[in-house]
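Engineer: My file is final-v3.tsv. It has TSV, C-alpha atoms (C1' of nucleotides):
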```tsv
chain	number	residue	atom	x	y	z
A	1	MET	CA	55.40	-59.46	-47.75
A	2	LYS	CA	55.78	-55.71	-47.61
A	3	ILE	CA	52.92	-53.29	-47.30
A	4	GLY	CA	52.69	-52.64	-51.02
A	5	GLU	CA	52.36	-56.30	-51.81
A	6	LEU	CA	49.72	-56.72	-49.16
A	7	ALA	CA	47.95	-53.72	-50.61
A	8	LYS	CA	47.80	-55.48	-53.95
A	9	ALA	CA	46.82	-58.81	-52.45
A	10	ALA	CA	43.88	-57.28	-50.64
A	11	ASP	CA	43.11	-54.54	-53.12
A	12	THR	CA	43.41	-51.91	-50.44
A	13	PRO	CA	45.38	-48.67	-50.53
A	14	VAL	CA	48.57	-48.68	-48.52
A	15	GLU	CA	47.36	-45.68	-46.55
A	16	THR	CA	44.28	-47.54	-45.53
A	17	ILE	CA	46.29	-50.47	-44.24
A	18	ARG	CA	48.34	-48.17	-42.05
A	19	TYR	CA	45.11	-46.55	-40.96
A	20	TYR	CA	43.65	-49.90	-39.91
A	21	GLU	CA	46.74	-50.56	-37.87
A	22	ARG	CA	46.41	-47.23	-36.10
A	23	ALA	CA	42.72	-47.94	-35.60
A	24	GLY	CA	43.55	-51.24	-33.92
A	25	LEU	CA	42.02	-53.53	-36.53
A	26	LEU	CA	45.32	-54.89	-37.70
A	27	PRO	CA	47.97	-55.67	-35.10
A	28	GLU	CA	51.28	-53.88	-35.14
A	29	THR	CA	53.42	-56.09	-37.20
A	30	ALA	CA	57.04	-57.15	-37.45
A	31	ARG	CA	59.48	-54.81	-39.09
A	32	THR	CA	62.59	-55.21	-41.17
A	33	GLU	CA	65.89	-53.68	-40.08
A	34	SER	CA	64.98	-50.65	-42.08
A	35	ASN	CA	61.65	-50.40	-40.33
A	36	TYR	CA	59.46	-51.66	-43.13
A	37	ARG	CA	56.33	-53.55	-42.11
A	38	ILE	CA	56.33	-57.25	-42.90
A	39	TYR	CA	53.13	-59.24	-43.20
A	40	GLY	CA	52.29	-62.92	-43.35
A	41	GLU	CA	49.31	-64.82	-44.64
A	42	ALA	CA	47.38	-64.48	-41.42
A	43	GLN	CA	47.51	-60.73	-41.63
A	44	ARG	CA	46.44	-60.82	-45.22
A	45	ASP	CA	43.47	-62.97	-44.31
A	46	ARG	CA	42.60	-60.61	-41.52
A	47	LEU	CA	42.70	-57.69	-43.89
A	48	LEU	CA	40.53	-59.53	-46.39
A	49	PHE	CA	38.07	-60.20	-43.62
A	50	ILE	CA	37.96	-56.53	-42.73
A	51	ARG	CA	37.47	-55.50	-46.32
A	52	ARG	CA	34.72	-58.00	-46.78
A	53	CYS	CA	32.93	-56.60	-43.79
A	54	ARG	CA	33.41	-53.08	-45.07
A	55	ARG	CA	31.86	-54.04	-48.33
A	56	LEU	CA	28.88	-55.08	-46.25
A	57	ASP	CA	28.94	-51.56	-44.89
A	58	MET	CA	29.83	-52.49	-41.35
A	59	THR	CA	31.43	-49.88	-39.18
A	60	LEU	CA	34.94	-50.36	-37.89
A	61	ASP	CA	33.46	-50.83	-34.44
A	62	GLU	CA	31.31	-53.68	-35.62
A	63	ILE	CA	34.28	-55.22	-37.35
A	64	ARG	CA	36.38	-54.90	-34.22
A	65	LEU	CA	33.77	-56.94	-32.41
A	66	LEU	CA	33.69	-59.61	-35.08
A	67	LEU	CA	37.45	-59.81	-34.98
A	68	ARG	CA	37.37	-60.36	-31.25
A	69	PHE	CA	35.21	-63.41	-31.82
A	70	LYS	CA	37.45	-64.65	-34.54
A	71	ASP	CA	40.33	-64.26	-32.14
A	72	SER	CA	38.63	-66.34	-29.47
A	73	PRO	CA	37.13	-69.30	-31.26
A	74	ASP	CA	35.91	-70.96	-28.09
A	75	GLU	CA	33.46	-68.25	-27.23
A	76	ASN	CA	29.84	-68.40	-28.03
A	77	CYS	CA	28.97	-66.53	-31.17
A	78	ALA	CA	25.52	-65.31	-30.12
A	79	GLN	CA	26.72	-61.72	-30.17
A	80	VAL	CA	27.85	-62.13	-33.74
A	81	ASN	CA	24.38	-63.16	-34.73
A	82	GLU	CA	22.93	-60.22	-32.86
A	83	LEU	CA	25.29	-57.85	-34.58
A	84	ILE	CA	24.35	-59.10	-37.99
A	85	ASP	CA	20.68	-58.91	-37.16
A	86	ALA	CA	21.08	-55.36	-35.94
A	87	HIS	CA	23.03	-54.49	-39.03
A	88	ILE	CA	20.35	-55.94	-41.26
A	89	GLY	CA	17.88	-53.84	-39.32
A	90	HIS	CA	19.83	-50.66	-39.97
A	91	VAL	CA	20.15	-51.42	-43.62
A	92	SER	CA	16.49	-52.06	-44.12
A	93	VAL	CA	15.53	-48.94	-42.22
A	94	ARG	CA	17.85	-46.97	-44.43
A	95	ILE	CA	16.34	-48.52	-47.53
A	96	LYS	CA	12.89	-47.45	-46.45
A	97	GLU	CA	14.10	-43.94	-45.75
A	98	LEU	CA	15.66	-43.71	-49.14
A	99	GLU	CA	12.60	-45.05	-50.89
A	100	ASN	CA	10.60	-42.38	-49.19
A	101	LEU	CA	13.09	-39.80	-50.26
A	102	GLU	CA	12.99	-41.02	-53.81
A	103	ARG	CA	9.24	-40.66	-53.88
A	104	GLN	CA	9.45	-37.13	-52.52
A	105	LEU	CA	12.12	-36.15	-55.00
A	106	LYS	CA	10.14	-37.50	-57.90
A	107	THR	CA	7.06	-35.66	-56.80
A	108	LEU	CA	9.11	-32.52	-56.49
A	109	ARG	CA	10.59	-33.06	-59.90
A	110	GLN	CA	7.12	-33.21	-61.42
A	111	THR	CA	6.48	-29.66	-60.34
A	112	CYS	CA	8.90	-28.32	-62.94
A	113	ARG	CA	9.02	-30.40	-66.03
A	114	GLU	CA	10.56	-27.77	-68.25
A	115	ALA	CA	13.22	-25.17	-67.83
A	116	ARG	CA	11.92	-21.67	-67.10
A	117	GLU	CA	12.72	-18.70	-64.94
A	118	SER	CA	13.86	-19.64	-61.48
A	119	ARG	CA	11.12	-17.58	-59.91
A	120	GLN	CA	8.56	-19.84	-61.51
A	121	CYS	CA	10.42	-23.07	-60.93
A	122	GLY	CA	8.14	-25.48	-59.13
A	123	ILE	CA	11.07	-27.20	-57.55
A	124	LEU	CA	12.56	-24.11	-55.98
A	125	ASN	CA	9.14	-23.00	-54.90
A	126	GLY	CA	8.27	-26.40	-53.58
A	127	LEU	CA	11.41	-26.34	-51.48
A	128	SER	CA	10.60	-22.88	-50.21
A	129	ALA	CA	8.69	-24.35	-47.32
A	130	SER	CA	5.53	-22.73	-46.20
A	131	GLN	CA	3.60	-25.53	-44.63
A	132	GLU	CA	5.71	-28.30	-43.17
A	133	SER	CA	2.82	-30.72	-43.48
A	134	GLY	CA	2.98	-33.44	-46.08
A	135	PRO	CA	6.11	-34.77	-47.71
A	136	LEU	CA	6.20	-31.95	-50.21
A	137	MET	CA	2.84	-33.02	-51.52
A	138	GLY	CA	1.12	-29.67	-51.64
A	139	ARG	CA	1.49	-28.73	-55.25
A	140	THR	CA	2.40	-25.16	-55.87
A	141	THR	CA	3.15	-24.27	-59.43
A	142	THR	CA	2.70	-26.95	-62.02
A	143	ASP	CA	3.37	-27.36	-65.66
A	144	ASP	CA	-0.12	-28.34	-66.60
B	1	MET	CA	15.14	-12.34	-33.78
B	2	LYS	CA	18.21	-13.70	-32.06
B	3	ILE	CA	19.90	-16.93	-32.98
B	4	GLY	CA	18.14	-18.93	-30.28
B	5	GLU	CA	14.73	-17.87	-31.51
B	6	LEU	CA	15.66	-18.67	-35.07
B	7	ALA	CA	16.89	-22.04	-33.87
B	8	LYS	CA	13.46	-22.75	-32.44
B	9	ALA	CA	11.64	-21.38	-35.46
B	10	ALA	CA	13.55	-23.64	-37.81
B	11	ASP	CA	14.08	-26.52	-35.42
B	12	THR	CA	17.81	-26.36	-35.96
B	13	PRO	CA	20.57	-26.33	-33.36
B	14	VAL	CA	22.20	-22.97	-32.79
B	15	GLU	CA	25.59	-24.45	-33.61
B	16	THR	CA	24.33	-25.63	-36.94
B	17	ILE	CA	23.08	-22.17	-37.84
B	18	ARG	CA	26.48	-20.71	-37.14
B	19	TYR	CA	27.99	-23.53	-39.12
B	20	TYR	CA	25.81	-22.74	-42.13
B	21	GLU	CA	26.95	-19.15	-41.94
B	22	ARG	CA	30.59	-20.18	-41.94
B	23	ALA	CA	29.85	-22.55	-44.79
B	24	GLY	CA	28.38	-19.73	-46.83
B	25	LEU	CA	24.80	-20.98	-46.93
B	26	LEU	CA	23.46	-18.25	-44.74
B	27	PRO	CA	24.76	-14.72	-45.24
B	28	GLU	CA	26.59	-12.95	-42.48
B	29	THR	CA	23.87	-11.12	-40.74
B	30	ALA	CA	23.38	-7.89	-38.87
B	31	ARG	CA	24.58	-7.70	-35.29
B	32	THR	CA	23.46	-5.90	-32.19
B	33	GLU	CA	25.78	-3.56	-30.35
B	34	SER	CA	26.83	-6.47	-28.25
B	35	ASN	CA	27.64	-8.50	-31.32
B	36	TYR	CA	24.63	-10.79	-31.23
B	37	ARG	CA	23.32	-11.99	-34.57
B	38	ILE	CA	19.93	-10.62	-35.60
B	39	TYR	CA	17.75	-12.37	-38.14
B	40	GLY	CA	14.66	-11.43	-40.11
B	41	GLU	CA	12.00	-13.45	-41.83
B	42	ALA	CA	13.98	-13.78	-45.03
B	43	GLN	CA	16.81	-15.48	-43.23
B	44	ARG	CA	14.41	-17.78	-41.47
B	45	ASP	CA	12.88	-18.77	-44.79
B	46	ARG	CA	16.31	-19.36	-46.21
B	47	LEU	CA	17.17	-21.59	-43.29
B	48	LEU	CA	13.92	-23.51	-43.67
B	49	PHE	CA	14.76	-23.98	-47.32
B	50	ILE	CA	18.15	-25.37	-46.44
B	51	ARG	CA	16.71	-27.73	-43.88
B	52	ARG	CA	14.11	-28.96	-46.27
B	53	CYS	CA	16.81	-29.77	-48.77
B	54	ARG	CA	18.85	-31.52	-46.12
B	55	ARG	CA	15.90	-33.67	-45.26
B	56	LEU	CA	15.97	-34.67	-48.90
B	57	ASP	CA	19.56	-35.65	-48.27
B	58	MET	CA	21.09	-33.06	-50.53
B	59	THR	CA	24.68	-32.10	-49.92
B	60	LEU	CA	25.55	-28.59	-48.91
B	61	ASP	CA	27.11	-28.11	-52.32
B	62	GLU	CA	23.86	-28.99	-54.00
B	63	ILE	CA	21.99	-26.67	-51.71
B	64	ARG	CA	24.42	-23.86	-52.43
B	65	LEU	CA	23.60	-24.24	-56.09
B	66	LEU	CA	19.87	-24.20	-55.48
B	67	LEU	CA	20.26	-21.09	-53.37
B	68	ARG	CA	22.10	-19.38	-56.18
B	69	PHE	CA	19.07	-19.92	-58.37
B	70	LYS	CA	16.74	-18.73	-55.72
B	71	ASP	CA	18.88	-15.63	-55.45
B	72	SER	CA	18.66	-14.92	-59.16
B	73	PRO	CA	15.04	-15.48	-60.10
B	74	ASP	CA	15.51	-14.37	-63.69
B	75	GLU	CA	17.82	-17.17	-64.59
B	76	ASN	CA	16.76	-20.30	-66.30
B	77	CYS	CA	16.19	-23.14	-63.90
B	78	ALA	CA	17.36	-25.95	-66.15
B	79	GLN	CA	20.30	-26.67	-63.89
B	80	VAL	CA	17.96	-27.06	-60.96
B	81	ASN	CA	16.10	-29.75	-62.82
B	82	GLU	CA	19.36	-31.44	-63.69
B	83	LEU	CA	20.48	-31.36	-60.12
B	84	ILE	CA	17.30	-32.97	-58.90
B	85	ASP	CA	17.49	-35.61	-61.58
B	86	ALA	CA	21.07	-36.37	-60.65
B	87	HIS	CA	20.12	-36.52	-57.02
B	88	ILE	CA	17.29	-38.92	-57.75
B	89	GLY	CA	19.82	-40.98	-59.64
B	90	HIS	CA	22.17	-41.13	-56.66
B	91	VAL	CA	19.39	-42.08	-54.34
B	92	SER	CA	18.14	-44.89	-56.49
B	93	VAL	CA	21.62	-46.24	-57.03
B	94	ARG	CA	22.11	-46.23	-53.30
B	95	ILE	CA	18.84	-48.03	-52.77
B	96	LYS	CA	19.91	-50.76	-55.15
B	97	GLU	CA	23.24	-51.10	-53.39
B	98	LEU	CA	21.57	-51.40	-50.05
B	99	GLU	CA	19.07	-53.94	-51.30
B	100	ASN	CA	21.95	-55.99	-52.54
B	101	LEU	CA	23.65	-55.64	-49.22
B	102	GLU	CA	20.52	-56.70	-47.41
B	103	ARG	CA	20.31	-59.81	-49.49
B	104	GLN	CA	23.92	-60.66	-48.80
B	105	LEU	CA	23.54	-60.07	-45.10
B	106	LYS	CA	20.48	-62.24	-44.91
B	107	THR	CA	22.20	-65.03	-46.75
B	108	LEU	CA	25.12	-64.72	-44.41
B	109	ARG	CA	22.82	-64.77	-41.43
B	110	GLN	CA	21.35	-68.05	-42.58
B	111	THR	CA	24.72	-69.69	-42.19
B	112	CYS	CA	24.51	-69.51	-38.42
B	113	ARG	CA	21.02	-69.77	-37.13
B	114	GLU	CA	21.95	-70.71	-33.59
B	115	ALA	CA	24.60	-69.64	-31.16
B	116	ARG	CA	27.63	-71.91	-30.98
B	117	GLU	CA	31.38	-71.72	-30.73
B	118	SER	CA	32.85	-68.93	-32.78
B	119	ARG	CA	35.07	-71.34	-34.65
B	120	GLN	CA	31.98	-72.98	-36.04
B	121	CYS	CA	30.04	-69.82	-36.67
B	122	GLY	CA	28.95	-69.76	-40.26
B	123	ILE	CA	28.92	-66.00	-40.27
B	124	LEU	CA	32.49	-65.58	-39.15
B	125	ASN	CA	33.58	-68.31	-41.48
B	126	GLY	CA	31.57	-66.88	-44.32
B	127	LEU	CA	33.27	-63.57	-43.81
B	128	SER	CA	36.67	-65.21	-43.73
B	129	ALA	CA	36.99	-64.84	-47.43
B	130	SER	CA	38.52	-67.60	-49.43
B	131	GLN	CA	37.02	-67.14	-52.83
B	132	GLU	CA	36.00	-63.61	-53.68
B	133	SER	CA	33.56	-64.90	-56.24
B	134	GLY	CA	29.87	-64.61	-55.57
B	135	PRO	CA	28.23	-62.24	-53.14
B	136	LEU	CA	28.97	-64.47	-50.17
B	137	MET	CA	26.93	-67.21	-51.72
B	138	GLY	CA	29.30	-70.08	-51.29
B	139	ARG	CA	27.88	-71.83	-48.24
B	140	THR	CA	30.45	-73.03	-45.79
B	141	THR	CA	29.09	-74.38	-42.54
B	142	THR	CA	25.35	-74.59	-42.18
B	143	ASP	CA	22.88	-75.35	-39.49
B	144	ASP	CA	21.07	-78.04	-41.33
C	1	DC	C1'	21.86	-3.60	-6.76
C	2	DA	C1'	24.05	-7.85	-6.84
C	3	DT	C1'	23.69	-12.23	-8.27
C	4	DT	C1'	22.05	-16.01	-10.62
C	5	DG	C1'	20.78	-18.22	-14.74
C	6	DA	C1'	20.01	-18.27	-19.55
C	7	DC	C1'	21.73	-16.73	-23.55
C	8	DT	C1'	25.39	-15.38	-26.90
C	9	DC	C1'	30.10	-14.91	-28.74
C	10	DT	C1'	34.68	-17.05	-30.76
C	11	DA	C1'	37.93	-20.56	-31.50
C	12	DT	C1'	39.09	-25.16	-31.44
C	13	DA	C1'	38.71	-30.18	-31.47
C	14	DG	C1'	36.20	-34.28	-32.32
C	15	DC	C1'	33.35	-37.88	-34.95
C	16	DA	C1'	34.06	-41.87	-39.33
C	17	DG	C1'	36.83	-43.66	-42.58
C	18	DC	C1'	39.59	-42.70	-45.10
C	19	DT	C1'	42.82	-39.83	-48.64
C	20	DA	C1'	46.51	-36.93	-49.71
C	21	DC	C1'	50.13	-34.45	-48.84
C	22	DG	C1'	55.42	-33.38	-47.60
C	23	DG	C1'	59.98	-34.68	-46.62
C	24	DA	C1'	63.02	-38.21	-45.53
C	25	DG	C1'	65.07	-42.73	-45.86
C	26	DT	C1'	65.53	-47.49	-48.49
C	27	DT	C1'	65.49	-50.70	-52.10
C	28	DT	C1'	65.33	-52.01	-56.79
C	29	DT	C1'	66.11	-51.23	-61.41
C	30	DT	C1'	68.62	-49.29	-65.14
D	1	DA	C1'	76.02	-44.38	-59.87
D	2	DA	C1'	71.83	-42.49	-60.63
D	3	DA	C1'	66.97	-42.79	-61.13
D	4	DA	C1'	62.67	-44.79	-60.10
D	5	DA	C1'	59.86	-46.99	-56.96
D	6	DC	C1'	58.91	-48.01	-52.55
D	7	DT	C1'	58.46	-47.14	-47.45
D	8	DC	C1'	58.38	-44.40	-43.30
D	9	DC	C1'	55.99	-40.76	-40.17
D	10	DG	C1'	53.21	-36.91	-39.13
D	11	DT	C1'	49.82	-33.96	-40.31
D	12	DA	C1'	45.91	-31.87	-42.67
D	13	DG	C1'	41.87	-32.42	-45.41
D	14	DC	C1'	37.14	-34.19	-46.59
D	15	DT	C1'	31.37	-33.85	-44.93
D	16	DG	C1'	28.10	-32.09	-41.83
D	17	DC	C1'	27.79	-31.38	-38.00
D	18	DT	C1'	28.38	-31.58	-32.51
D	19	DA	C1'	30.68	-30.41	-28.34
D	20	DT	C1'	33.57	-28.45	-25.71
D	21	DA	C1'	36.06	-24.01	-23.22
D	22	DG	C1'	36.21	-19.47	-21.71
D	23	DA	C1'	34.39	-15.03	-22.11
D	24	DG	C1'	30.91	-11.60	-22.49
D	25	DT	C1'	25.69	-10.03	-22.28
D	26	DC	C1'	20.97	-9.85	-20.83
D	27	DA	C1'	16.69	-10.68	-18.04
D	28	DA	C1'	14.74	-11.82	-13.84
D	29	DT	C1'	15.01	-12.61	-9.01
D	30	DG	C1'	16.43	-11.73	-4.02
```
So, in terms of structure tokens, how does the structure I just supplied come out?

Structural biologist:
Amino acid sequence: MKIGELAKAADTPVETIRYYERAGLLPETARTESNYRIYGEAQRDRLLFIRRCRRLDMTLDEIRLLLRFKDSPDENCAQVNELIDAHIGHVSVRIKELENLERQLKTLRQTCREARESRQCGILNGLSASQESGPLMGRTTTDD
Amino acid sequence: MKIGELAKAADTPVETIRYYERAGLLPETARTESNYRIYGEAQRDRLLFIRRCRRLDMTLDEIRLLLRFKDSPDENCAQVNELIDAHIGHVSVRIKELENLERQLKTLRQTCREARESRQCGILNGLSASQESGPLMGRTTTDD
DNA sequence: CATTGACTCTATAGCAGCTACGGAGTTTTT
DNA sequence: AAAAACTCCGTAGCTGCTATAGAGTCAATG
């Protein structure tokens, strides 16, 4: 199949497929006389694999590693397990960070519940650092 | 103060300060005869404001908007409130996405609890898409 | 007073992971 | 035969920095 068909089959923009080739995730493939790329099922499966990993938010580097293991089925997969564990670790750290953030933002939002002049806006004032102590906890101006 | 001192005062790399200037977040500032940037307290506060926002994961575009309101204290701050609400929305969406991801990754991880040959690795096989149905739920090879 | 070291300047390139051009050639459809 | 749709390549853009290179400036030391 040609690149456009592959693009459809894997729901991936054509540009991205070429990008993956350049990035070394997809091998350089056969070409027609007129220099069009031609793909087979194996390549499509490989691309689907990549996309699946991307949907799990893996980096291209991580995916490269996984592909190496796929390409050498005799090797021991311990590193794959490690990678996934590490990835899970990153994700859960990020979740905690974002939950923290969410809490801070909501607290901040409380400081200006209604529209008013910017100079009195609790949010702007809250962001106008003075003490770097708590996570924006020190209330400044409030509605109540 | 010179840029290096400001950098210390706001715990921000010198390069980043210059970057913020180029990006229009910090105004072009006065210079010494020898073309060194000179900053006052106002600029330092502005930088601290920016950094505080960044720690809340706001984009530079969002921060630019907030700065506009800070710069015109007479205006109504409704848009500030909107921005924060929208930002909270983004963050909580992202949290949900990541929680989903975490669940998927953990499920995937279960499919290969011990090291073995790559060809038998439940993770690699699980990622080797076949049906795009569930969130990687279809168990393939398992340890038990 | 000369030299070293720390600082500053600008301009430019790099990171990730694409996305979007522009301009040319090819293939398919009408 | 002409038009539409596809493909090619190279390059530039996005975000928010970070890291060079090469030059100039300033403070402290020998």

Engineer: Kindly provide the residues of segment 8-29 of chain D that approach segment 5-22 of chain C to within 9 Å, each paired with its closest atom pair and their distance in Å to one decimal, based on only C-alpha atoms (C1' of nucleotides), listed by chain and increasing number, as a tab-separated table.

Structural biologist:
```
residue	atom	partner	partner_atom	distance
D:DT11	C1'	C:DC21	C1'	8.5
D:DA12	C1'	C:DC21	C1'	7.9
D:DG13	C1'	C:DA20	C1'	7.8
D:DC14	C1'	C:DT19	C1'	8.3
D:DT18	C1'	C:DG14	C1'	8.3
D:DA19	C1'	C:DG14	C1'	7.8
D:DT20	C1'	C:DA13	C1'	7.9
D:DA21	C1'	C:DT12	C1'	8.8
D:DA23	C1'	C:DC9	C1'	7.9
D:DG24	C1'	C:DC9	C1'	7.1
D:DT25	C1'	C:DT8	C1'	7.1
D:DC26	C1'	C:DC7	C1'	7.4
D:DA27	C1'	C:DA6	C1'	8.4
D:DA28	C1'	C:DG5	C1'	8.8
```

Engineer: For Phe69 of chain A, work out the shell of residues within 8 Å, counting only C-alpha atoms (C1' of nucleotides) and skipping chain neighbours fewer than 6 positions away, then give it as a PyMOL selection string.

Structural biologist: (chain A and resi 75+77+80) or (chain B and resi 118)

Engineer: Have a look at atom CA of His87 of chain B and atom CA of Thr107 of chain A and let me know their distance in Å, one decimal.

Structural biologist: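 Here the two named atoms are 13.1 Å from each other.
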
Engineer: Considering only C-alpha atoms, extract the chain B residues located within 7 Å of chain A and return them as JSON, numbers by chain.

Structural biologist: {"B": [48, 49, 52, 53, 56, 69, 70, 73, 74, 75, 76, 77, 78, 84, 88, 91, 92, 95, 98, 101, 102, 105, 109, 115, 116, 117, 118, 119, 121, 124, 127, 128, 129]}

Engineer: Can you check which residues of chain A have any atom within 10 Å of chain D? Use all atoms listed in the file and format it as a list in words.

Structural biologist: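 So the contacting residues turn out to be Lys2, Ile3, Gly4, Ser34, Asn35, Tyr36 and Arg37 of chain A.
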
Engineer: In Å, how far is it from atom CA of Ala23 of chain A to atom CA of Arg64 of chain A?

Structural biologist: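 Taking atom CA of Ala23 of chain A and atom CA of Arg64 of chain A, their separation equals 9.5 Å.
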
Engineer: Using all atoms listed in the file and a cut-off of 8 Å, which residues of chain A sit close to chain C? Please list them as a VMD selection string.

Structural biologist: chain A and resid 15 to 16 19 34

Engineer: Measuring between all atoms listed in the file, which one of B:Thr29, B:Glu41, B:Asp11, B:Leu83 shows the shortest distance to Thr59 of chain B?

Structural biologist: B:Leu83

Engineer: Mind pulling up the distance from atom CA of Pro13 of chain B to atom CA of Glu62 of chain A?

Structural biologist: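 Distance reported for this atom pair: 29.5 Å.
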
Engineer: Regenerate segment 92-104 of chain A at the level of N, CA, C and O atoms and dump it as a CSV table (one decimal), in the frame of the given file.

Structural biologist:
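Dumped everything to selection_8.csv:
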```
chain,number,residue,atom,x,y,z
A,92,SER,N,17.8,-52.1,-43.5
A,92,SER,CA,16.5,-52.1,-44.1
A,92,SER,C,15.8,-50.8,-43.7
A,92,SER,O,15.0,-50.2,-44.5
A,93,VAL,N,16.1,-50.2,-42.6
A,93,VAL,CA,15.5,-48.9,-42.2
A,93,VAL,C,16.0,-47.9,-43.2
A,93,VAL,O,15.2,-47.1,-43.8
A,94,ARG,N,17.3,-48.0,-43.5
A,94,ARG,CA,17.8,-47.0,-44.4
A,94,ARG,C,17.2,-47.1,-45.8
A,94,ARG,O,17.0,-46.1,-46.5
A,95,ILE,N,17.0,-48.3,-46.2
A,95,ILE,CA,16.3,-48.5,-47.5
A,95,ILE,C,15.0,-47.8,-47.5
A,95,ILE,O,14.6,-47.1,-48.5
A,96,LYS,N,14.2,-48.0,-46.5
A,96,LYS,CA,12.9,-47.4,-46.4
A,96,LYS,C,13.0,-45.9,-46.5
A,96,LYS,O,12.2,-45.3,-47.2
A,97,GLU,N,13.9,-45.4,-45.7
A,97,GLU,CA,14.1,-43.9,-45.8
A,97,GLU,C,14.4,-43.4,-47.2
A,97,GLU,O,13.8,-42.5,-47.6
A,98,LEU,N,15.3,-44.2,-47.8
A,98,LEU,CA,15.7,-43.7,-49.1
A,98,LEU,C,14.5,-43.9,-50.1
A,98,LEU,O,14.4,-43.0,-51.0
A,99,GLU,N,13.7,-44.9,-50.0
A,99,GLU,CA,12.6,-45.0,-50.9
A,99,GLU,C,11.6,-43.9,-50.7
A,99,GLU,O,11.1,-43.4,-51.7
A,100,ASN,N,11.4,-43.5,-49.5
A,100,ASN,CA,10.6,-42.4,-49.2
A,100,ASN,C,11.1,-41.1,-49.9
A,100,ASN,O,10.4,-40.4,-50.6
A,101,LEU,N,12.4,-40.9,-49.7
A,101,LEU,CA,13.1,-39.8,-50.3
A,101,LEU,C,12.9,-39.8,-51.8
A,101,LEU,O,12.6,-38.7,-52.4
A,102,GLU,N,13.1,-40.9,-52.4
A,102,GLU,CA,13.0,-41.0,-53.8
A,102,GLU,C,11.6,-40.6,-54.3
A,102,GLU,O,11.4,-39.8,-55.2
A,103,ARG,N,10.6,-41.0,-53.5
A,103,ARG,CA,9.2,-40.7,-53.9
A,103,ARG,C,9.1,-39.1,-53.8
A,103,ARG,O,8.5,-38.5,-54.7
A,104,GLN,N,9.6,-38.6,-52.7
A,104,GLN,CA,9.4,-37.1,-52.5
A,104,GLN,C,10.2,-36.4,-53.6
A,104,GLN,O,9.6,-35.4,-54.2
```
